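Enquirer: Below is the file target_7.txt, which contains compact mmCIF, C-alpha atoms.
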```
# COMPACT_ATOMS: atom_id res chain seq x y z
CA MET A 499 -37.07 2.35 -9.20
CA SER A 500 -36.06 5.64 -7.60
CA GLU A 501 -32.58 6.04 -6.22
CA GLN A 502 -31.96 5.56 -2.52
CA PHE A 503 -28.82 7.67 -2.74
CA ILE A 504 -28.02 10.56 -5.04
CA VAL A 505 -24.30 11.18 -4.71
CA ILE A 506 -23.17 14.59 -5.92
CA GLY A 507 -19.54 15.51 -6.38
CA LEU A 508 -18.32 19.02 -5.51
CA SER A 509 -15.23 21.04 -6.20
CA ASP A 510 -14.08 23.68 -3.75
CA SER A 511 -15.95 26.37 -5.66
CA ARG A 512 -18.25 28.41 -3.44
CA SER A 513 -20.69 28.74 -6.37
CA PRO A 514 -21.46 25.18 -7.51
CA VAL A 515 -23.43 24.74 -10.72
CA PHE A 516 -25.90 21.83 -11.05
CA ASP A 517 -28.09 20.62 -13.88
CA PRO A 518 -31.88 21.17 -13.54
CA GLN A 519 -32.61 17.54 -12.55
CA THR A 520 -30.10 17.65 -9.72
CA LEU A 521 -31.49 20.97 -8.47
CA ARG A 522 -35.00 19.48 -8.42
CA GLU A 523 -33.78 16.47 -6.46
CA ILE A 524 -32.11 18.74 -3.91
CA ALA A 525 -35.28 20.81 -3.58
CA VAL A 526 -37.55 17.86 -2.72
CA CYS A 527 -35.15 15.91 -0.51
CA ARG A 528 -35.25 16.18 3.27
CA VAL A 529 -32.13 14.25 4.32
CA PHE A 530 -28.64 15.21 3.22
CA ALA A 531 -25.16 14.00 4.06
CA GLY A 532 -21.61 15.22 3.58
CA GLY A 533 -18.68 16.79 5.35
CA GLU A 534 -18.95 20.11 7.15
CA ARG A 535 -16.96 21.69 4.30
CA HIS A 536 -19.57 20.46 1.82
CA ARG A 537 -22.38 21.84 3.98
CA ALA A 538 -20.76 25.27 3.90
CA ILE A 539 -20.77 25.17 0.10
CA VAL A 540 -24.36 23.93 -0.52
CA GLY A 541 -26.15 25.02 2.66
CA HIS A 542 -28.01 27.83 0.91
CA LEU A 543 -29.60 25.31 -1.49
CA LEU A 544 -31.04 22.98 1.15
CA PRO A 545 -34.78 23.08 1.98
CA HIS A 546 -35.86 24.54 5.30
CA ALA A 547 -35.94 22.06 8.22
CA SER A 548 -33.93 19.46 6.33
CA ARG A 549 -31.65 17.06 8.19
CA TRP A 550 -27.87 16.92 7.71
CA ILE A 551 -25.83 13.77 8.48
CA THR A 552 -22.18 14.70 8.91
CA ILE A 553 -19.80 12.22 7.30
CA ALA A 554 -16.98 11.84 9.81
CA PRO A 555 -15.52 8.98 11.84
CA PRO A 556 -16.70 6.62 13.14
CA MET A 557 -18.03 5.52 9.76
CA SER A 558 -20.21 2.81 11.29
CA ASP A 559 -22.27 5.54 12.99
CA VAL A 560 -22.65 7.41 9.68
CA MET A 561 -23.86 4.26 7.95
CA ARG A 562 -26.34 3.57 10.73
CA GLN A 563 -27.83 7.05 10.32
CA LEU A 564 -28.02 6.66 6.56
CA ASP A 565 -29.71 3.28 6.95
CA GLU A 566 -32.23 4.71 9.40
CA ALA A 567 -33.03 7.71 7.18
CA GLY A 568 -35.79 5.65 5.63
CA GLY A 569 -35.90 7.31 2.22
CA ARG A 570 -33.91 9.12 -0.38
CA VAL A 571 -30.67 10.77 0.76
CA VAL A 572 -28.64 13.29 -1.20
CA VAL A 573 -24.97 12.81 -0.40
CA PHE A 574 -22.37 15.48 -1.17
CA THR A 575 -18.79 14.41 -1.61
CA SER A 576 -15.60 15.74 -3.17
CA GLY A 577 -14.87 15.36 -6.85
CA ASP A 578 -15.75 12.04 -8.44
CA PRO A 579 -17.55 9.82 -5.88
CA LEU A 580 -16.24 6.68 -7.60
CA PHE A 581 -12.58 7.76 -7.63
CA TYR A 582 -11.28 6.84 -4.16
CA GLY A 583 -14.53 8.42 -3.03
CA PHE A 584 -17.50 7.94 -0.76
CA GLY A 585 -19.47 6.28 -3.56
CA ALA A 586 -17.45 3.09 -3.18
CA THR A 587 -18.05 3.17 0.59
CA LEU A 588 -21.81 3.38 0.04
CA GLN A 589 -21.68 0.46 -2.38
CA LYS A 590 -19.79 -1.60 0.20
CA TYR A 591 -22.23 -0.92 3.04
CA PHE A 592 -25.41 -0.91 0.92
CA PRO A 593 -24.75 -3.37 -1.93
CA ASP A 594 -28.44 -3.57 -2.86
CA ALA A 595 -29.12 0.17 -2.81
CA SER A 596 -29.91 2.07 -5.98
CA CYS A 597 -27.60 5.03 -6.57
CA ARG A 598 -27.27 7.89 -9.01
CA PHE A 599 -23.87 9.53 -9.26
CA VAL A 600 -23.33 13.13 -10.33
CA PRO A 601 -19.54 13.48 -10.57
CA ALA A 602 -17.42 16.58 -10.61
CA PHE A 603 -13.78 16.58 -11.68
CA SER A 604 -11.58 14.83 -9.17
CA SER A 605 -8.90 17.03 -7.65
CA LEU A 606 -6.23 15.27 -9.72
CA GLN A 607 -8.20 15.81 -12.93
CA THR A 608 -8.53 19.47 -12.04
CA LEU A 609 -4.82 19.78 -11.32
CA ALA A 610 -3.94 18.10 -14.63
CA HIS A 611 -6.14 20.61 -16.45
CA ARG A 612 -4.51 23.52 -14.62
CA LEU A 613 -1.20 22.22 -15.99
CA GLN A 614 -2.71 21.54 -19.44
CA LEU A 615 -1.31 18.07 -18.94
CA PRO A 616 -2.72 15.05 -20.81
CA TYR A 617 -3.22 12.53 -18.05
CA GLN A 618 -4.26 9.30 -19.77
CA SER A 619 -0.98 7.68 -18.73
CA MET A 620 -1.14 8.88 -15.12
CA ARG A 621 -0.95 6.22 -12.39
CA PHE A 622 -2.74 6.92 -9.12
CA ALA A 623 -2.06 6.38 -5.43
CA SER A 624 -4.23 7.34 -2.48
CA LEU A 625 -2.52 8.04 0.84
CA THR A 626 -5.74 9.26 2.44
CA GLY A 627 -5.99 7.17 5.57
CA ARG A 628 -3.87 4.50 3.90
CA SER A 629 -0.34 3.18 4.03
CA TRP A 630 2.47 4.16 1.64
CA GLN A 631 2.02 0.89 -0.28
CA GLU A 632 0.36 2.26 -3.44
CA LEU A 633 2.87 5.06 -3.88
CA ASP A 634 5.88 2.89 -3.03
CA ARG A 635 4.82 0.40 -5.69
CA LEU A 636 4.63 3.06 -8.38
CA LEU A 637 8.01 4.50 -7.40
CA ILE A 638 9.66 1.09 -7.62
CA GLU A 639 8.00 0.45 -10.98
CA GLY A 640 9.40 3.73 -12.26
CA ALA A 641 6.07 5.35 -13.19
CA GLY A 642 6.74 8.68 -14.89
CA LEU A 643 3.47 10.41 -13.96
CA ILE A 644 1.81 9.74 -10.60
CA GLY A 645 -1.27 11.41 -9.13
CA VAL A 646 -1.33 11.29 -5.33
CA LEU A 647 -4.18 11.95 -2.92
CA THR A 648 -2.83 13.11 0.44
CA ASP A 649 -4.03 13.50 4.00
CA ARG A 650 -2.93 15.53 7.03
CA CYS A 651 -0.12 13.11 7.90
CA LYS A 652 1.05 12.04 4.45
CA THR A 653 1.44 15.60 3.21
CA PRO A 654 3.35 16.87 0.15
CA ALA A 655 6.30 17.54 2.46
CA ALA A 656 6.18 13.97 3.81
CA ILE A 657 6.03 12.64 0.24
CA ALA A 658 9.05 14.75 -0.71
CA ARG A 659 11.03 13.42 2.25
CA ARG A 660 10.20 9.85 1.27
CA LEU A 661 11.36 10.49 -2.29
CA LEU A 662 14.68 11.80 -1.03
CA GLU A 663 15.10 9.08 1.58
CA TYR A 664 14.82 6.25 -0.95
CA GLY A 665 16.60 7.85 -3.88
CA TYR A 666 13.66 8.99 -6.00
CA GLY A 667 14.60 12.66 -6.05
CA GLY A 668 14.34 12.82 -9.86
CA TYR A 669 10.64 13.61 -9.59
CA SER A 670 9.20 17.09 -9.26
CA LEU A 671 6.09 17.72 -7.17
CA VAL A 672 3.21 19.77 -8.48
CA VAL A 673 0.99 20.64 -5.52
CA GLY A 674 -2.58 21.81 -6.07
CA GLU A 675 -4.16 23.53 -3.07
CA ALA A 676 -7.87 24.32 -2.56
CA LEU A 677 -8.52 23.68 -6.25
CA GLY A 678 -11.63 25.44 -7.53
CA GLY A 679 -11.84 27.70 -4.51
CA PRO A 680 -10.85 31.32 -3.99
CA GLU A 681 -7.58 30.30 -2.30
CA GLU A 682 -6.50 28.01 -5.13
CA ARG A 683 -2.76 27.74 -5.66
CA VAL A 684 -0.65 25.50 -7.93
CA THR A 685 3.07 25.19 -7.21
CA GLU A 686 5.83 23.05 -8.71
CA LEU A 687 8.79 22.24 -6.46
CA SER A 688 11.75 19.92 -6.23
CA PRO A 689 11.61 17.31 -3.46
CA ALA A 690 14.29 19.24 -1.57
CA ASP A 691 12.23 22.46 -1.67
CA ALA A 692 8.97 20.69 -0.82
CA SER A 693 10.38 18.66 2.07
CA ASP A 694 9.90 21.39 4.69
CA ALA A 695 7.18 23.47 3.01
CA LEU A 696 3.68 24.05 4.40
CA PHE A 697 0.52 23.63 2.32
CA ASP A 698 -3.21 24.07 2.67
CA ASP A 699 -4.86 20.96 4.13
CA LEU A 700 -6.89 20.58 0.92
CA ASN A 701 -4.26 19.48 -1.54
CA CYS A 702 -3.23 16.84 -4.03
CA VAL A 703 0.06 16.12 -5.77
CA ILE A 704 1.24 15.13 -9.21
CA LEU A 705 4.72 13.62 -9.40
CA ARG A 706 6.30 13.88 -12.79
CA GLY A 707 9.69 13.26 -14.27
CA GLY A 708 11.00 9.93 -13.14
CA PRO A 709 13.27 8.23 -10.62
CA PHE A 710 16.51 8.45 -12.65
CA ARG A 711 17.97 5.59 -10.68
CA GLU A 712 19.36 2.18 -11.53
CA ARG A 713 16.96 -0.74 -11.40
CA TYR A 714 18.13 -4.16 -10.25
CA TYR A 715 17.44 -7.78 -11.07
CA GLY A 716 19.75 -9.84 -8.92
CA ILE A 717 21.68 -7.44 -6.67
CA ALA A 718 25.38 -8.25 -6.30
CA ASP A 719 26.21 -9.47 -2.80
CA SER A 720 29.05 -6.96 -2.50
CA LEU A 721 26.62 -4.04 -2.77
CA PHE A 722 24.83 -4.94 0.44
CA GLU A 723 25.99 -3.72 3.81
CA GLY A 724 26.45 -6.84 5.90
CA LEU A 725 27.01 -7.80 9.50
CA PRO A 726 30.46 -6.61 10.62
CA GLY A 727 32.93 -9.49 10.45
CA ARG A 728 30.28 -11.87 9.01
CA PRO A 729 30.58 -11.53 5.21
CA ASP A 730 28.86 -14.87 4.56
CA MET A 731 25.71 -13.93 6.51
CA ILE A 732 23.76 -13.14 3.36
CA THR A 733 21.64 -15.18 0.97
CA LYS A 734 23.90 -15.19 -2.11
CA MET A 735 22.49 -13.66 -5.26
CA PRO A 736 21.98 -16.86 -7.37
CA LEU A 737 20.48 -18.58 -4.34
CA ARG A 738 18.34 -15.52 -3.59
CA LEU A 739 16.74 -15.46 -7.03
CA ALA A 740 16.15 -19.21 -6.96
CA THR A 741 14.57 -18.84 -3.51
CA LEU A 742 12.16 -16.17 -4.79
CA SER A 743 11.19 -18.53 -7.59
CA ARG A 744 10.57 -21.40 -5.16
CA LEU A 745 8.41 -19.12 -3.02
CA ASN A 746 6.21 -18.50 -6.09
CA LEU A 747 5.98 -14.82 -5.17
CA VAL A 748 4.56 -13.91 -8.56
CA ASN A 749 1.25 -15.37 -7.32
CA CYS A 750 1.42 -14.03 -3.76
CA SER A 751 0.08 -11.04 -1.87
CA TYR A 752 1.56 -11.52 1.64
CA PHE A 753 5.13 -12.68 2.29
CA TRP A 754 7.07 -13.25 5.54
CA ASP A 755 10.88 -13.22 5.62
CA ILE A 756 11.85 -14.74 8.98
CA GLY A 757 15.44 -14.03 10.03
CA PHE A 758 16.19 -11.31 7.48
CA CYS A 759 19.75 -10.42 8.64
CA THR A 760 20.94 -7.96 5.91
CA GLY A 761 17.48 -7.86 4.29
CA SER A 762 18.71 -9.17 0.93
CA VAL A 763 15.74 -11.50 0.32
CA SER A 764 13.09 -8.96 1.37
CA ILE A 765 14.70 -6.16 -0.62
CA GLU A 766 15.10 -8.28 -3.75
CA ALA A 767 11.49 -9.42 -3.41
CA ARG A 768 10.29 -5.85 -2.94
CA LEU A 769 12.01 -4.68 -6.11
CA GLN A 770 10.86 -7.60 -8.25
CA PHE A 771 7.28 -7.78 -6.88
CA PRO A 772 6.40 -4.24 -5.74
CA GLY A 773 2.74 -5.10 -5.16
CA LEU A 774 3.71 -7.63 -2.51
CA GLU A 775 3.07 -6.92 1.18
CA ILE A 776 6.30 -7.97 2.92
CA THR A 777 6.99 -8.36 6.62
CA ALA A 778 10.58 -9.06 7.65
CA PHE A 779 11.36 -10.50 11.12
CA GLU A 780 14.74 -10.48 12.87
CA LYS A 781 15.82 -10.90 16.51
CA ARG A 782 19.35 -9.43 16.18
CA PHE A 783 18.72 -5.76 16.82
CA GLU A 784 21.93 -4.65 15.08
CA CYS A 785 20.32 -5.84 11.83
CA GLU A 786 17.58 -3.19 11.95
CA GLY A 787 19.87 -0.34 10.93
CA ILE A 788 21.61 -2.52 8.34
CA PHE A 789 18.26 -3.35 6.77
CA GLU A 790 17.12 0.28 6.65
CA ARG A 791 20.37 1.43 5.05
CA ASN A 792 20.21 -1.33 2.45
CA ALA A 793 16.56 -0.55 1.68
CA ARG A 794 17.43 3.11 1.07
CA ARG A 795 20.47 2.19 -1.00
CA PHE A 796 18.41 0.10 -3.42
CA GLY A 797 15.23 2.19 -3.40
CA ALA A 798 13.05 -0.42 -1.68
CA PRO A 799 10.58 1.38 0.62
CA GLY A 800 7.62 -0.27 2.25
CA VAL A 801 8.93 -3.47 3.84
CA ARG A 802 7.49 -3.79 7.33
CA VAL A 803 10.33 -4.59 9.73
CA VAL A 804 9.52 -6.41 12.99
CA MET A 805 12.33 -6.74 15.52
CA GLY A 806 12.40 -9.45 18.17
CA ASP A 807 11.96 -13.21 18.44
CA VAL A 808 9.11 -14.23 16.14
CA LEU A 809 8.15 -16.96 18.63
CA LYS A 810 7.54 -14.42 21.38
CA GLN A 811 5.26 -11.94 19.62
CA GLY A 812 2.01 -11.88 17.75
CA VAL A 813 2.24 -12.33 14.00
CA ASP A 814 -1.42 -12.18 12.97
CA ASP A 815 -1.31 -8.42 12.42
CA HIS A 816 1.15 -9.06 9.60
CA ALA A 817 -1.03 -11.50 7.65
CA GLY A 818 -3.74 -10.75 5.10
CA PRO A 819 -7.33 -9.75 5.96
CA ASP A 820 -8.24 -13.43 6.25
CA GLY A 821 -5.35 -14.10 8.64
CA ARG A 822 -3.41 -15.97 5.98
CA VAL A 823 0.05 -15.56 4.51
CA ASP A 824 0.99 -16.78 1.03
CA ALA A 825 4.73 -17.38 1.33
CA VAL A 826 7.21 -17.77 4.18
CA PHE A 827 10.99 -17.90 3.91
CA ILE A 828 12.76 -19.24 6.98
CA GLY A 829 16.13 -17.59 6.52
CA GLY A 830 17.17 -18.12 10.12
CA HIS A 831 15.67 -20.24 12.87
CA GLY A 832 18.20 -20.37 15.72
CA GLY A 833 17.54 -24.06 16.32
CA GLN A 834 13.76 -23.47 16.47
CA LEU A 835 12.90 -24.67 12.96
CA GLU A 836 9.92 -26.79 14.02
CA ALA A 837 8.31 -24.06 16.12
CA ILE A 838 8.72 -21.45 13.38
CA PHE A 839 7.45 -23.90 10.77
CA ASP A 840 4.33 -24.50 12.88
CA ILE A 841 3.57 -20.78 13.10
CA ALA A 842 3.85 -20.47 9.32
CA ALA A 843 1.94 -23.66 8.47
CA GLU A 844 -1.01 -22.73 10.69
CA ARG A 845 -1.49 -19.52 8.70
CA LEU A 846 -0.54 -20.67 5.21
CA SER A 847 -3.09 -19.92 2.51
CA PRO A 848 -4.15 -22.57 -0.05
CA GLY A 849 -1.32 -22.88 -2.55
CA GLY A 850 1.03 -21.08 -0.15
CA ARG A 851 4.63 -22.13 0.39
CA ILE A 852 7.23 -22.36 3.13
CA VAL A 853 10.84 -22.38 1.93
CA VAL A 854 14.15 -22.96 3.69
CA ASN A 855 17.75 -22.96 2.47
CA ALA A 856 19.46 -25.93 4.13
CA VAL A 857 23.22 -26.29 4.43
CA ARG A 858 23.08 -29.24 6.83
CA THR A 859 21.42 -32.57 6.14
CA ASP A 860 19.69 -32.59 9.52
CA THR A 861 18.05 -29.22 8.76
CA LEU A 862 16.65 -30.63 5.52
CA GLU A 863 15.38 -33.75 7.28
CA ARG A 864 13.70 -31.72 10.01
CA PHE A 865 12.04 -29.47 7.41
CA HIS A 866 10.74 -32.51 5.50
CA ALA A 867 9.44 -34.12 8.68
CA ARG A 868 7.54 -30.99 9.75
CA ALA A 869 6.03 -30.60 6.29
CA ARG A 870 4.73 -34.17 6.45
CA HIS A 871 3.35 -33.51 9.95
CA HIS A 872 1.25 -30.68 8.50
CA ALA A 873 0.33 -32.72 5.39
CA LEU A 874 2.09 -30.28 3.08
CA ARG A 875 3.32 -31.38 -0.33
CA LEU A 876 7.09 -31.53 -0.82
CA PRO A 877 8.22 -30.68 -4.36
CA ASP A 878 11.63 -31.97 -5.41
CA ASP A 879 14.46 -30.24 -3.58
CA LEU A 880 16.73 -27.91 -5.51
CA ALA A 881 20.48 -28.08 -4.78
CA ILE A 882 22.73 -25.14 -5.72
CA THR A 883 26.44 -24.56 -5.17
CA PRO A 884 27.03 -20.77 -5.18
CA GLY A 885 30.61 -20.03 -6.23
CA ARG A 886 33.17 -21.73 -4.00
CA HIS A 887 30.71 -22.17 -1.15
CA ASN A 888 29.16 -25.40 0.12
CA PRO A 889 26.12 -26.84 -1.66
CA ILE A 890 22.79 -25.50 -0.37
CA THR A 891 19.44 -27.20 -0.80
CA ILE A 892 16.34 -25.07 -1.34
CA ALA A 893 13.39 -27.02 0.04
CA ALA A 894 9.76 -26.02 -0.33
CA ALA A 895 6.54 -27.20 1.32
CA VAL A 896 3.21 -26.42 -0.36
CA GLN A 897 -0.26 -26.15 1.14
CA GLU A 898 -2.60 -27.91 -1.28
```
Please, can you express the file's structure as structure tokens?

Expert:
Amino acid sequence: MSEQFIVIGLSDSRSPVFDPQTLREIAVCRVFAGGERHRAIVGHLLPHASRWITIAPPMSDVMRQLDEAGGRVVVFTSGDPLFYGFGATLQKYFPDASCRFVPAFSSLQTLAHRLQLPYQSMRFASLTGRSWQELDRLLIEGAGLIGVLTDRCKTPAAIARRLLEYGYGGYSLVVGEALGGPEERVTELSPADASDALFDDLNCVILRGGPFRERYYGIADSLFEGLPGRPDMITKMPLRLATLSRLNLVNCSYFWDIGFCTGSVSIEARLQFPGLEITAFEKRFECEGIFERNARRFGAPGVRVVMGDVLKQGVDDHAGPDGRVDAVFIGGHGGQLEAIFDIAAERLSPGGRIVVNAVRTDTLERFHARARHHALRLPDDLAITPGRHNPITIAAAVQE
């Protein structure tokens, strides 16, 4: 069966070299696709009167044109089409299509070769049209060699500022610009020097070195900035770690921390489970700055902070793609435990958990009653007495 798509990777070289089979396929094809930059590189090779489909947003329109092409299409893309590339997009939209891939070096492979750097241990993060999540995770995990794909917003300078902001200034940035082209440039800078530098739009980054910062497992309460005059308004460290265990975060992807106050639970969760998507809610606006300062102090970027009463705003944008959340900690409820529980229970994924730390007996009874109302399973409660403080019961409700 002949291929519906032939996907050819390009570098930024203005003189691309192809094998004889690929040249023959280009010569007989009549429909091509790629970015305008790719067209400038290969335009002289295309047959007369051929059609060019420009790959640019909206992607749904591009896919419609490709679907209507009605025959073989040669697609030009950058580097390796199956490395954060357009090849994966084609496979998603056309799962039954037959494809042949002709890869070039990815930009990060090329940059590693320019540095004569063995890259088998390199971890990768794409910021191209994406959030900071992939990079944040690798920083928290302490990866020593990170390849980063950038875009026009998440530039090398923006990456450098993030490193400095969260205490990861021990890395150096190697920036590769227009690799393979006549304007190619490779520069190594410190985060401080890169933070206000300008670079060609076509660039990628390798971070190397390491964070050179302390890692935590159970952060001492005294290290957190707290609410002025309210030293007890924090989930104490032994209780915090037990709470994370009860939430079963090791098996979760999306976590809500409702009533975060100082941010101790969210920050501890972020450091212990850096692949977790965390949204922290709080209605006391003075807590926003406290949270941000604590997150920077402990090197915990990437928690989404939502200020305001959780009962008066939409929460679905903070759930997973299926509208579900895997774990919810009700750290503060302001007398609205039942209403907050209902919001969480309606969106809880199978196996998901809602957890509360109850000081008062009536809080525990109300939590149990609401769990039964939603037909959630109630594991045995866990009672802990942190230091000289009153006993606290950690209660969990599980969606079967």

Enquirer: Could you jot down the CA of Lys781 in chain A to CA of Val808 in chain A separation for me, Å, one decimal place?

Expert: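 These two atoms are separated by 7.5 Å.
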
Enquirer: Which one is closest to Ala894 in chain A: A:Arg795, A:Arg744, A:Lys652, A:Arg683? Count only C-alpha atoms.

Expert: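 So, comparing all the options, the nearest one is A:Arg744.
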
Enquirer: Residues around (6.8, -21.8, 18.3), cut-off 12 Å, counting all atoms listed in the file - what are they as a ChimeraX atom specification?

Expert: /A:807-813,831-844

Enquirer: Of the candidates A:Ile553, A:Arg659, A:Arg802, A:Val505, which one gets nearest to Gln589 in chain A if we count only C-alpha atoms?

Expert: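 Residue with the minimum atom-to-atom distance to Gln589 in chain A: A:Val505.
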
Enquirer: Take the point (-5.9, 7.4, 9.9) in the file's coordinates, draw a sphere of radius 10 Å around it, and report as a PyMOL selection string every protein, DNA or RNA residue with an atom inside or on it, counting all atoms listed in the file.

Expert: chain A and resi 555+625-629+649-652

Enquirer: Which residues are close to Gly800 in chain A, i.e. within 10 Å by all atoms listed in the file, leaving aside same-chain residues fewer than 5 positions away? Reply as a list in words.

Expert: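 Close residues of Gly800 in chain A: Ser629, Trp630, Gln631, Glu632, Leu633, Asp634, Arg635, Ile765, Arg768, Pro772, Leu774, Glu775, Ile776, Thr777 and Ala793 of chain A.
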
Enquirer: Between CA of His871 in chain A and CA of Ile756 in chain A, what is the spacing in Å?

Expert: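 CA of His871 in chain A lies at a distance of 20.6 Å from CA of Ile756 in chain A.
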
Enquirer: Give the answer as one residue: which of A:Arg870, A:Gly724, A:Leu739, A:Met561 has the shortest atom-to-atom distance to Tyr591 in chain A, using only C-alpha atoms?

Expert: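 When distances to Tyr591 in chain A are compared using only C-alpha atoms, the smallest one comes from A:Met561.
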
Enquirer: Just how far from CA of Gly668 in chain A is CA of Ile638 in chain A, in Å to one decimal?

Expert: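 Answer for the CA of Ile638 in chain A to CA of Gly668 in chain A separation: 12.8 Å.
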
Enquirer: How big is the axis-aligned box, and where does its centre sit, when it encloses all atoms of range 591-605 of chain A listed in the file and has 8 Å added on every side, reported in Å to one decimal as JSON?

Expert:
```
{"center_x": -19.4, "center_y": 6.7, "center_z": -4.3, "size_x": 37.0, "size_y": 36.6, "size_z": 30.7}
```

Enquirer: For Pro819 in chain A, which residue among A:Tyr752, A:Gly577, A:Pro654, A:Asp878 is the nearest when counting all atoms listed in the file?

Expert: A:Tyr752

Enquirer: Which neighbours of Arg522 in chain A fall inside 12 Å, counting only C-alpha atoms, when residues of the same chain fewer than 4 positions from it are skipped, and could you give them as JSON, numbers by chain?

Expert: {"A": [504, 516, 517, 518, 526, 527, 543, 544, 545, 572]}
